[in-house]
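Novice: This is the structure I want to talk about, given as structure tokens.
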Amino acid sequence: MIYRGGLLYVLIVIATTIYSPPSHGESTYDYLLFPHIGTIFRTNLATDSLLDDDDYKYGIGVFATAEYGKLLFLGELLLNKDEQEIERIQLGWTVGDSKVWLGRFHNTVGYWNSQFHHGSYLETSISRPSIVNFEDDGGILPMHLTGLLVEGVKEYDKQGLGYALAVATGPELSDNLEALDVLEPASGSQDLSLALNVYLEPVIYSPTRYGLFVNYTEIPAASRGFEEIRQINAGVYGNWESHPWRLIGSTFYVDNRLQQLAETLTDNFISGYFQAEYNLDDRWTIFGRGEWTFGDENDAYLALFPHHITDRFLGGVRLNAFSRHAFKLEISGNRTQGDSFGQIMLQWDAMF
Amino acid sequence: MRRKAAKLKVLLMCLCLVCTSSSAETTQRSLLLVCSDNSTIQSLSRAEVRKLFLGVPMTKDKVRLRPLLNTSDRLATDVFLQQIIFMSKREYERQLLSRVFRLGDQRPPEYENIDALLNALLDTPGSVSYMWSEQFGHQSGLKSLGVLWTDSNN
């Protein structure tokens, strides 16, 4: 079931064909801009490390959404120092309390990836937990899928039971995981990915949420010497908020079957993170996060991602200033499979 | 003479009490849920109002409801967010942004000017907002869908 391109366009054509315009031509739209400028300083890097002692980054995320009757559109474009990419482009319909989307979207695994996307202003911290790093940043799990997504939330006695189900194509593994490029859909070789996220909101539409997720992906990896990698990742997560506290945590069990011509390597590990945030007042927030991985020693899959941070402890502070500007400082100790180093990050984020 | 003075005192106190209570009645402040007089919307529960202003798409009697945030009066906004949405302004904004960014919904437009809000209420089918009772009393073309909150201190 190798993806050969054109699926997105076929789906969009089908969608526009079966769609009938609403009787009341009501249209609305919204857009957001997320500029950021940041710098990174690293200490105690191994002499053979490919990471730089210092680095900088800048860019802007452009997000737009539009609604015309029951027809929906959502797009997210990222323009930064190292890449310019359409991160999300979705065409959807509202069906009761649910939404049906076609296009490229963020994988529904865990909490972080489907909450903050590329809007770093929305994240209290500067960095993402490494287990949910984006593919372009050396991420080890599929973070972008292309295909069908159905999501919604049902009310039961003032509680919300939400779900998100994806039937899509996942990434290919070359230098990094490579999700489908919607501008050049035939350029890669993506395969099947199925994802399910089910969650409970104790008070519907409130931020506190607890959930379960599972994701199965077939990852073509010919350029890395494998016919295919069959990956299952599953876990639990929670986001609890009660002013002035916010706690976010998630645990992932990741199982990989790396298929070569002669043999199949099977490995698995458990990874997780826990972040605590405390609002000192409306402007200042302090935060800390721990990330850990068990069973990563000599893991055949993780060996393909030498820069993946398996363990990290960080602390930081965020200052909300002016209107929708944030200045963040983050200090961390990091461990990869072959290195341990310290890191200081400074970043300005804004939203317009 | 003393009896007369005592009676007069009681009478004065009663008069004061009557005056105070009638004054409280006339200045009692309520936050009202309002929409255009021409709207087909008859009522919305508090839960529906919360859902609507949190950005959840809602349709009632085949009309898509459009929430309009009245930010012309800071106290009205604070009371609305605390009593109906159960969030601070900052939490509300974050929750809205999260929803828009995640699900592609739209944020309710904000109106800092009461006249602009009134025009939007009259011009936008399905639009709903909130305002103080004294603001509502001066406007024509609007109807109240109910009292969201009453200032019990007055």
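Chain identifiers are assigned as A, B, and so on, following the order in which chains appear in the structure tokens; residues are numbered from 1 within each chain, and ligands are numbered from 1 in order of appearance.
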Give the strand (DSSP E or B) residues of region 23-185 of chain A, as assigned by DSSP on the backbone, as a compact mmCIF listing (two decimals) with N, CA and C atoms, in the first residue's frame.
Specialist:
# COMPACT_ATOMS: atom_id res chain seq x y z
N SER A 27 -20.42 32.98 5.97
CA SER A 27 -19.01 32.59 6.01
C SER A 27 -18.29 33.42 7.05
N THR A 28 -17.37 32.81 7.75
CA THR A 28 -16.54 33.52 8.71
C THR A 28 -15.12 32.99 8.57
N TYR A 29 -14.19 33.75 9.05
CA TYR A 29 -12.81 33.30 9.00
C TYR A 29 -12.05 33.87 10.19
N ASP A 30 -10.91 33.29 10.45
CA ASP A 30 -10.05 33.75 11.53
C ASP A 30 -8.62 33.44 11.13
N TYR A 31 -7.68 34.19 11.63
CA TYR A 31 -6.28 33.90 11.33
C TYR A 31 -5.41 34.32 12.51
N LEU A 32 -4.27 33.68 12.61
CA LEU A 32 -3.32 33.96 13.69
C LEU A 32 -1.90 33.94 13.13
N LEU A 33 -1.06 34.80 13.64
CA LEU A 33 0.35 34.81 13.26
C LEU A 33 1.19 34.54 14.51
N PHE A 34 2.16 33.66 14.39
CA PHE A 34 3.00 33.29 15.55
C PHE A 34 4.49 33.52 15.20
N PRO A 35 5.00 34.74 15.34
CA PRO A 35 6.43 34.94 15.11
C PRO A 35 7.26 34.51 16.31
N HIS A 36 8.50 34.11 16.07
CA HIS A 36 9.39 33.77 17.18
C HIS A 36 10.84 34.01 16.79
N ILE A 37 11.64 34.39 17.77
CA ILE A 37 13.09 34.51 17.60
C ILE A 37 13.72 33.88 18.84
N GLY A 38 14.68 32.99 18.61
CA GLY A 38 15.28 32.32 19.76
C GLY A 38 16.75 32.03 19.57
N THR A 39 17.41 31.79 20.68
CA THR A 39 18.83 31.42 20.61
C THR A 39 19.10 30.28 21.60
N ILE A 40 20.08 29.45 21.25
CA ILE A 40 20.40 28.25 22.05
C ILE A 40 21.89 28.22 22.33
N PHE A 41 22.25 27.96 23.57
CA PHE A 41 23.66 27.77 23.94
C PHE A 41 23.80 26.38 24.55
N ARG A 42 24.81 25.62 24.09
CA ARG A 42 24.99 24.26 24.63
C ARG A 42 26.38 24.16 25.26
N THR A 43 26.45 23.36 26.32
CA THR A 43 27.72 23.16 27.02
C THR A 43 27.99 21.67 27.15
N ASP A 54 26.40 26.83 19.81
CA ASP A 54 25.29 27.79 19.89
C ASP A 54 24.56 27.82 18.56
N ASP A 55 23.35 28.23 18.62
CA ASP A 55 22.50 28.22 17.43
C ASP A 55 21.42 29.29 17.62
N TYR A 56 20.74 29.61 16.58
CA TYR A 56 19.64 30.56 16.69
C TYR A 56 18.53 30.12 15.76
N LYS A 57 17.36 30.62 16.00
CA LYS A 57 16.24 30.29 15.13
C LYS A 57 15.27 31.45 15.08
N TYR A 58 14.59 31.56 13.99
CA TYR A 58 13.55 32.59 13.85
C TYR A 58 12.54 32.09 12.84
N GLY A 59 11.39 32.63 12.87
CA GLY A 59 10.39 32.22 11.90
C GLY A 59 9.01 32.73 12.28
N ILE A 60 8.06 32.32 11.47
CA ILE A 60 6.68 32.72 11.73
C ILE A 60 5.75 31.60 11.30
N GLY A 61 4.77 31.33 12.13
CA GLY A 61 3.72 30.39 11.79
C GLY A 61 2.49 31.17 11.38
N VAL A 62 1.90 30.77 10.29
CA VAL A 62 0.70 31.45 9.79
C VAL A 62 -0.45 30.46 9.83
N PHE A 63 -1.49 30.82 10.55
CA PHE A 63 -2.62 29.90 10.72
C PHE A 63 -3.89 30.60 10.24
N ALA A 64 -4.71 29.89 9.49
CA ALA A 64 -5.98 30.45 9.02
C ALA A 64 -7.06 29.40 9.08
N THR A 65 -8.24 29.84 9.38
CA THR A 65 -9.38 28.93 9.38
C THR A 65 -10.58 29.67 8.80
N ALA A 66 -11.43 28.93 8.10
CA ALA A 66 -12.61 29.54 7.49
C ALA A 66 -13.77 28.57 7.59
N GLU A 67 -14.96 29.15 7.63
CA GLU A 67 -16.17 28.33 7.76
C GLU A 67 -17.20 28.88 6.80
N TYR A 68 -17.81 28.00 6.05
CA TYR A 68 -18.89 28.40 5.16
C TYR A 68 -20.00 27.38 5.33
N LEU A 71 -19.12 23.65 5.85
CA LEU A 71 -17.81 23.40 5.24
C LEU A 71 -16.74 24.18 6.00
N LEU A 72 -15.63 23.50 6.26
CA LEU A 72 -14.55 24.10 7.05
C LEU A 72 -13.23 24.03 6.30
N PHE A 73 -12.39 24.99 6.57
CA PHE A 73 -11.03 24.96 6.04
C PHE A 73 -10.08 25.35 7.16
N LEU A 74 -8.93 24.69 7.19
CA LEU A 74 -7.91 25.00 8.20
C LEU A 74 -6.54 24.86 7.55
N GLY A 75 -5.70 25.84 7.72
CA GLY A 75 -4.36 25.76 7.15
C GLY A 75 -3.32 26.32 8.11
N GLU A 76 -2.14 25.71 8.11
CA GLU A 76 -1.05 26.20 8.96
C GLU A 76 0.25 26.09 8.16
N LEU A 77 0.87 27.24 8.01
CA LEU A 77 2.09 27.33 7.22
C LEU A 77 3.22 27.77 8.13
N LEU A 78 4.38 27.10 8.02
CA LEU A 78 5.52 27.48 8.85
C LEU A 78 6.65 27.98 7.97
N LEU A 79 7.08 29.20 8.26
CA LEU A 79 8.21 29.78 7.52
C LEU A 79 9.28 30.07 8.55
N ASN A 80 10.36 29.29 8.56
CA ASN A 80 11.42 29.60 9.51
C ASN A 80 12.78 29.44 8.88
N GLN A 84 10.38 25.83 5.07
CA GLN A 84 9.14 26.50 4.73
C GLN A 84 8.20 25.39 4.30
N GLU A 85 7.17 25.16 5.08
CA GLU A 85 6.36 23.97 4.84
C GLU A 85 4.90 24.20 5.22
N ILE A 86 4.01 23.57 4.44
CA ILE A 86 2.60 23.55 4.83
C ILE A 86 2.47 22.44 5.87
N GLU A 87 2.24 22.83 7.10
CA GLU A 87 2.19 21.85 8.19
C GLU A 87 0.83 21.19 8.28
N ARG A 88 -0.20 21.98 8.09
CA ARG A 88 -1.56 21.43 8.12
C ARG A 88 -2.36 22.07 6.99
N ILE A 89 -3.13 21.26 6.30
CA ILE A 89 -4.10 21.80 5.36
C ILE A 89 -5.27 20.83 5.34
N GLN A 90 -6.41 21.29 5.82
CA GLN A 90 -7.54 20.40 6.06
C GLN A 90 -8.82 21.02 5.51
N LEU A 91 -9.59 20.16 4.85
CA LEU A 91 -10.92 20.53 4.39
C LEU A 91 -11.90 19.68 5.18
N GLY A 92 -12.91 20.30 5.78
CA GLY A 92 -13.76 19.51 6.67
C GLY A 92 -15.23 19.84 6.61
N TRP A 93 -16.00 18.99 7.27
CA TRP A 93 -17.44 19.17 7.41
C TRP A 93 -17.81 19.02 8.87
N THR A 94 -18.80 19.81 9.26
CA THR A 94 -19.37 19.63 10.60
C THR A 94 -20.54 18.67 10.48
N VAL A 95 -20.50 17.60 11.26
CA VAL A 95 -21.59 16.63 11.28
C VAL A 95 -22.02 16.48 12.73
N SER A 98 -19.52 16.41 15.62
CA SER A 98 -18.23 15.91 15.11
C SER A 98 -17.77 16.70 13.90
N LYS A 99 -16.49 16.53 13.61
CA LYS A 99 -15.93 17.13 12.41
C LYS A 99 -15.21 16.06 11.62
N VAL A 100 -15.41 16.08 10.32
CA VAL A 100 -14.74 15.13 9.44
C VAL A 100 -13.77 15.93 8.57
N TRP A 101 -12.51 15.57 8.65
CA TRP A 101 -11.48 16.33 7.93
C TRP A 101 -10.78 15.45 6.90
N LEU A 102 -10.40 16.07 5.80
CA LEU A 102 -9.53 15.43 4.82
C LEU A 102 -8.33 16.34 4.63
N GLY A 103 -7.15 15.75 4.53
CA GLY A 103 -5.98 16.57 4.30
C GLY A 103 -4.81 16.14 5.16
N ARG A 104 -3.90 17.08 5.36
CA ARG A 104 -2.73 16.81 6.22
C ARG A 104 -3.01 17.45 7.58
N PHE A 105 -2.81 16.67 8.63
CA PHE A 105 -3.13 17.15 9.97
C PHE A 105 -2.10 16.62 10.96
N HIS A 106 -2.23 17.06 12.20
CA HIS A 106 -1.31 16.58 13.23
C HIS A 106 -1.81 15.28 13.82
N HIS A 144 2.86 14.15 11.73
CA HIS A 144 1.94 14.64 10.70
C HIS A 144 1.41 13.45 9.90
N LEU A 145 0.13 13.40 9.71
CA LEU A 145 -0.51 12.36 8.90
C LEU A 145 -1.30 13.03 7.79
N THR A 146 -1.58 12.29 6.73
CA THR A 146 -2.38 12.84 5.63
C THR A 146 -3.46 11.83 5.27
N GLY A 147 -4.70 12.27 5.32
CA GLY A 147 -5.80 11.36 5.01
C GLY A 147 -7.09 11.84 5.65
N LEU A 148 -7.75 10.92 6.37
CA LEU A 148 -9.06 11.20 6.97
C LEU A 148 -8.94 11.31 8.49
N LEU A 149 -9.57 12.34 9.04
CA LEU A 149 -9.61 12.54 10.50
C LEU A 149 -11.05 12.84 10.91
N VAL A 150 -11.53 12.09 11.87
CA VAL A 150 -12.86 12.36 12.42
C VAL A 150 -12.68 12.65 13.91
N GLU A 151 -13.23 13.77 14.38
CA GLU A 151 -13.05 14.11 15.80
C GLU A 151 -14.29 14.81 16.34
N GLY A 152 -14.49 14.68 17.62
CA GLY A 152 -15.65 15.33 18.23
C GLY A 152 -15.68 15.07 19.71
N VAL A 153 -16.66 15.67 20.35
CA VAL A 153 -16.83 15.47 21.79
C VAL A 153 -18.33 15.37 22.09
N LYS A 154 -18.70 14.38 22.88
CA LYS A 154 -20.10 14.17 23.26
C LYS A 154 -20.26 14.50 24.74
N GLU A 155 -21.42 15.07 25.07
CA GLU A 155 -21.67 15.45 26.46
C GLU A 155 -22.43 14.35 27.18
N TYR A 156 -21.90 13.97 28.34
CA TYR A 156 -22.58 13.00 29.20
C TYR A 156 -22.59 13.55 30.61
N GLN A 159 -20.09 16.03 31.57
CA GLN A 159 -18.72 15.63 31.24
C GLN A 159 -18.60 15.50 29.72
N GLY A 160 -17.40 15.63 29.24
CA GLY A 160 -17.20 15.49 27.80
C GLY A 160 -16.40 14.24 27.50
N LEU A 161 -16.89 13.46 26.55
CA LEU A 161 -16.16 12.28 26.08
C LEU A 161 -15.75 12.57 24.64
N GLY A 162 -14.46 12.76 24.45
CA GLY A 162 -13.99 13.16 23.13
C GLY A 162 -13.24 12.04 22.43
N TYR A 163 -13.14 12.17 21.13
CA TYR A 163 -12.42 11.16 20.36
C TYR A 163 -11.82 11.82 19.12
N ALA A 164 -10.78 11.20 18.61
CA ALA A 164 -10.20 11.58 17.32
C ALA A 164 -9.70 10.29 16.67
N LEU A 165 -10.16 10.04 15.47
CA LEU A 165 -9.80 8.81 14.75
C LEU A 165 -9.20 9.19 13.41
N ALA A 166 -8.03 8.66 13.10
CA ALA A 166 -7.37 8.99 11.84
C ALA A 166 -7.08 7.72 11.04
N VAL A 167 -7.40 7.78 9.76
CA VAL A 167 -7.02 6.74 8.80
C VAL A 167 -6.25 7.47 7.72
N ALA A 168 -4.96 7.25 7.66
CA ALA A 168 -4.14 8.17 6.87
C ALA A 168 -2.85 7.51 6.40
N THR A 169 -2.01 8.32 5.80
CA THR A 169 -0.66 7.87 5.47
C THR A 169 0.30 8.53 6.46
N GLU A 172 7.76 8.55 5.85
CA GLU A 172 8.81 7.66 5.36
C GLU A 172 10.06 7.96 6.19
N LEU A 173 10.93 6.99 6.35
CA LEU A 173 12.18 7.26 7.06
C LEU A 173 13.33 7.37 6.07
N LEU A 177 12.33 11.20 9.74
CA LEU A 177 10.99 10.83 9.30
C LEU A 177 10.49 11.95 8.39
N GLU A 178 9.89 11.57 7.27
CA GLU A 178 9.42 12.57 6.31
C GLU A 178 7.94 12.35 6.06
Novice: Any chance you could list, as a PyMOL selection string, the residues in region 5-170 of chain A that come up alpha helix (DSSP H) when DSSP is run on the backbone?
Specialist: chain A and resi 7-18+112-115
Novice: Listing only residues of chain B within 12 Å of chain A, what is the closest atom pair and its distance in Å (to one decimal) for each, using only C-alpha atoms, sorted by chain and residue number ascending, as a tab-separated table?
Specialist:
residue	atom	partner	partner_atom	distance
B:Ala47	CA	A:Lys158	CA	9.0
B:Glu48	CA	A:Lys158	CA	11.5
B:Arg50	CA	A:Tyr205	CA	9.0
B:Lys51	CA	A:Tyr205	CA	7.3
B:Leu52	CA	A:Tyr205	CA	10.5
B:Phe53	CA	A:Tyr205	CA	10.8
B:Leu54	CA	A:Tyr205	CA	7.5
B:Gly55	CA	A:Tyr205	CA	9.6
B:Val56	CA	A:Tyr205	CA	8.6
B:Pro57	CA	A:Asp97	CA	8.5
B:Met58	CA	A:Asp97	CA	9.0
B:Thr59	CA	A:Gly96	CA	9.6
B:Lys62	CA	A:His24	CA	9.5
B:Val63	CA	A:His24	CA	8.7
B:Arg64	CA	A:Gly69	CA	8.4
B:Leu65	CA	A:Glu26	CA	10.9
B:Arg66	CA	A:Thr28	CA	10.0
B:Ile85	CA	A:Ser206	CA	9.4
B:Phe86	CA	A:Ser206	CA	9.2
B:Met87	CA	A:Ser206	CA	9.1
B:Ser88	CA	A:His243	CA	9.5
B:Lys89	CA	A:Asp282	CA	10.2
B:Arg90	CA	A:Asp282	CA	7.9
B:Glu91	CA	A:Pro207	CA	9.1
B:Tyr92	CA	A:Ser206	CA	9.7
B:Glu93	CA	A:Arg324	CA	10.3
B:Arg94	CA	A:Leu122	CA	7.6
B:Gln95	CA	A:Pro207	CA	6.9
B:Leu96	CA	A:Tyr205	CA	10.0
B:Leu97	CA	A:Leu122	CA	8.2
B:Ser98	CA	A:Gln115	CA	6.4
B:Arg99	CA	A:Gln115	CA	8.3
B:Val100	CA	A:Thr65	CA	8.0
B:Phe101	CA	A:Phe63	CA	7.7
B:Arg102	CA	A:Gln115	CA	6.1
B:Leu103	CA	A:Leu74	CA	8.3
B:Gly104	CA	A:Thr65	CA	5.4
B:Asp105	CA	A:Thr65	CA	7.1
B:Gln106	CA	A:Asp30	CA	5.8
B:Arg107	CA	A:Asp30	CA	7.2
B:Pro108	CA	A:Asp30	CA	9.7
B:Pro109	CA	A:Asp30	CA	9.7
B:Thr124	CA	A:Glu26	CA	9.7
B:Pro125	CA	A:Glu26	CA	9.2
B:Gly126	CA	A:Glu26	CA	10.6
Novice: Could you save the residues just selected, with C-alpha atoms, as an mmCIF file, in the first residue's frame?
Specialist:
data_model
loop_
_atom_site.group_PDB
_atom_site.id
_atom_site.type_symbol
_atom_site.label_atom_id
_atom_site.label_comp_id
_atom_site.auth_asym_id
_atom_site.auth_seq_id
_atom_site.Cartn_x
_atom_site.Cartn_y
_atom_site.Cartn_z
ATOM 1 C CA ALA B 47 -24.736 25.822 29.575
ATOM 2 C CA GLU B 48 -25.553 26.732 25.971
ATOM 3 C CA ARG B 50 -21.002 28.897 27.910
ATOM 4 C CA LYS B 51 -20.624 26.438 25.046
ATOM 5 C CA LEU B 52 -21.335 29.148 22.475
ATOM 6 C CA PHE B 53 -18.851 31.667 23.860
ATOM 7 C CA LEU B 54 -16.175 28.975 24.203
ATOM 8 C CA GLY B 55 -16.245 28.811 20.415
ATOM 9 C CA VAL B 56 -18.253 25.620 19.967
ATOM 10 C CA PRO B 57 -20.314 25.882 16.759
ATOM 11 C CA MET B 58 -24.035 25.883 17.639
ATOM 12 C CA THR B 59 -27.188 25.936 15.576
ATOM 13 C CA LYS B 62 -31.649 26.146 11.820
ATOM 14 C CA VAL B 63 -29.863 29.416 12.632
ATOM 15 C CA ARG B 64 -26.124 29.364 13.276
ATOM 16 C CA LEU B 65 -25.540 31.236 16.515
ATOM 17 C CA ARG B 66 -22.841 33.930 16.522
ATOM 18 C CA ILE B 85 -17.686 30.764 31.455
ATOM 19 C CA PHE B 86 -16.053 30.044 34.851
ATOM 20 C CA MET B 87 -12.655 31.292 33.679
ATOM 21 C CA SER B 88 -10.421 34.330 34.075
ATOM 22 C CA LYS B 89 -9.894 36.481 30.994
ATOM 23 C CA ARG B 90 -6.464 34.984 30.461
ATOM 24 C CA GLU B 91 -7.686 31.407 30.799
ATOM 25 C CA TYR B 92 -10.621 32.144 28.505
ATOM 26 C CA GLU B 93 -8.370 33.575 25.813
ATOM 27 C CA ARG B 94 -6.018 30.606 26.054
ATOM 28 C CA GLN B 95 -8.894 28.155 25.885
ATOM 29 C CA LEU B 96 -10.380 29.918 22.864
ATOM 30 C CA LEU B 97 -7.053 30.014 21.066
ATOM 31 C CA SER B 98 -6.467 26.370 21.791
ATOM 32 C CA ARG B 99 -9.839 25.471 20.347
ATOM 33 C CA VAL B 100 -9.405 27.632 17.253
ATOM 34 C CA PHE B 101 -5.905 26.320 16.651
ATOM 35 C CA ARG B 102 -6.893 22.694 17.255
ATOM 36 C CA LEU B 103 -10.306 22.445 15.682
ATOM 37 C CA GLY B 104 -10.457 25.323 13.241
ATOM 38 C CA ASP B 105 -13.291 27.108 15.005
ATOM 39 C CA GLN B 106 -13.576 30.884 15.116
ATOM 40 C CA ARG B 107 -13.061 33.240 18.034
ATOM 41 C CA PRO B 108 -16.054 35.425 18.934
ATOM 42 C CA PRO B 109 -15.414 38.962 17.651
ATOM 43 C CA THR B 124 -25.707 39.608 12.009
ATOM 44 C CA PRO B 125 -28.319 36.838 11.953
ATOM 45 C CA GLY B 126 -28.061 34.574 14.977
#
Novice: Which residues come within 12 Å of Gln135 (chain B), counting only C-alpha atoms, excluding same-chain residues fewer than 6 positions away, as a ChimeraX atom specification?
Specialist: /B:29-34,70,72-73,76,114-115,117-118,142,144
Novice: Distance CA of Ala186 (chain A)-CA of Phe226 (chain A), one decimal place?
Specialist: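 One can read the CA of Ala186 (chain A) to CA of Phe226 (chain A) distance as 20.5 Å.
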Novice: What is the distance, in Å and to one decimal place, between CA of Ser140 (chain B) and CA of Leu81 (chain B)?
Specialist: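 It comes out at 25.7 Å.
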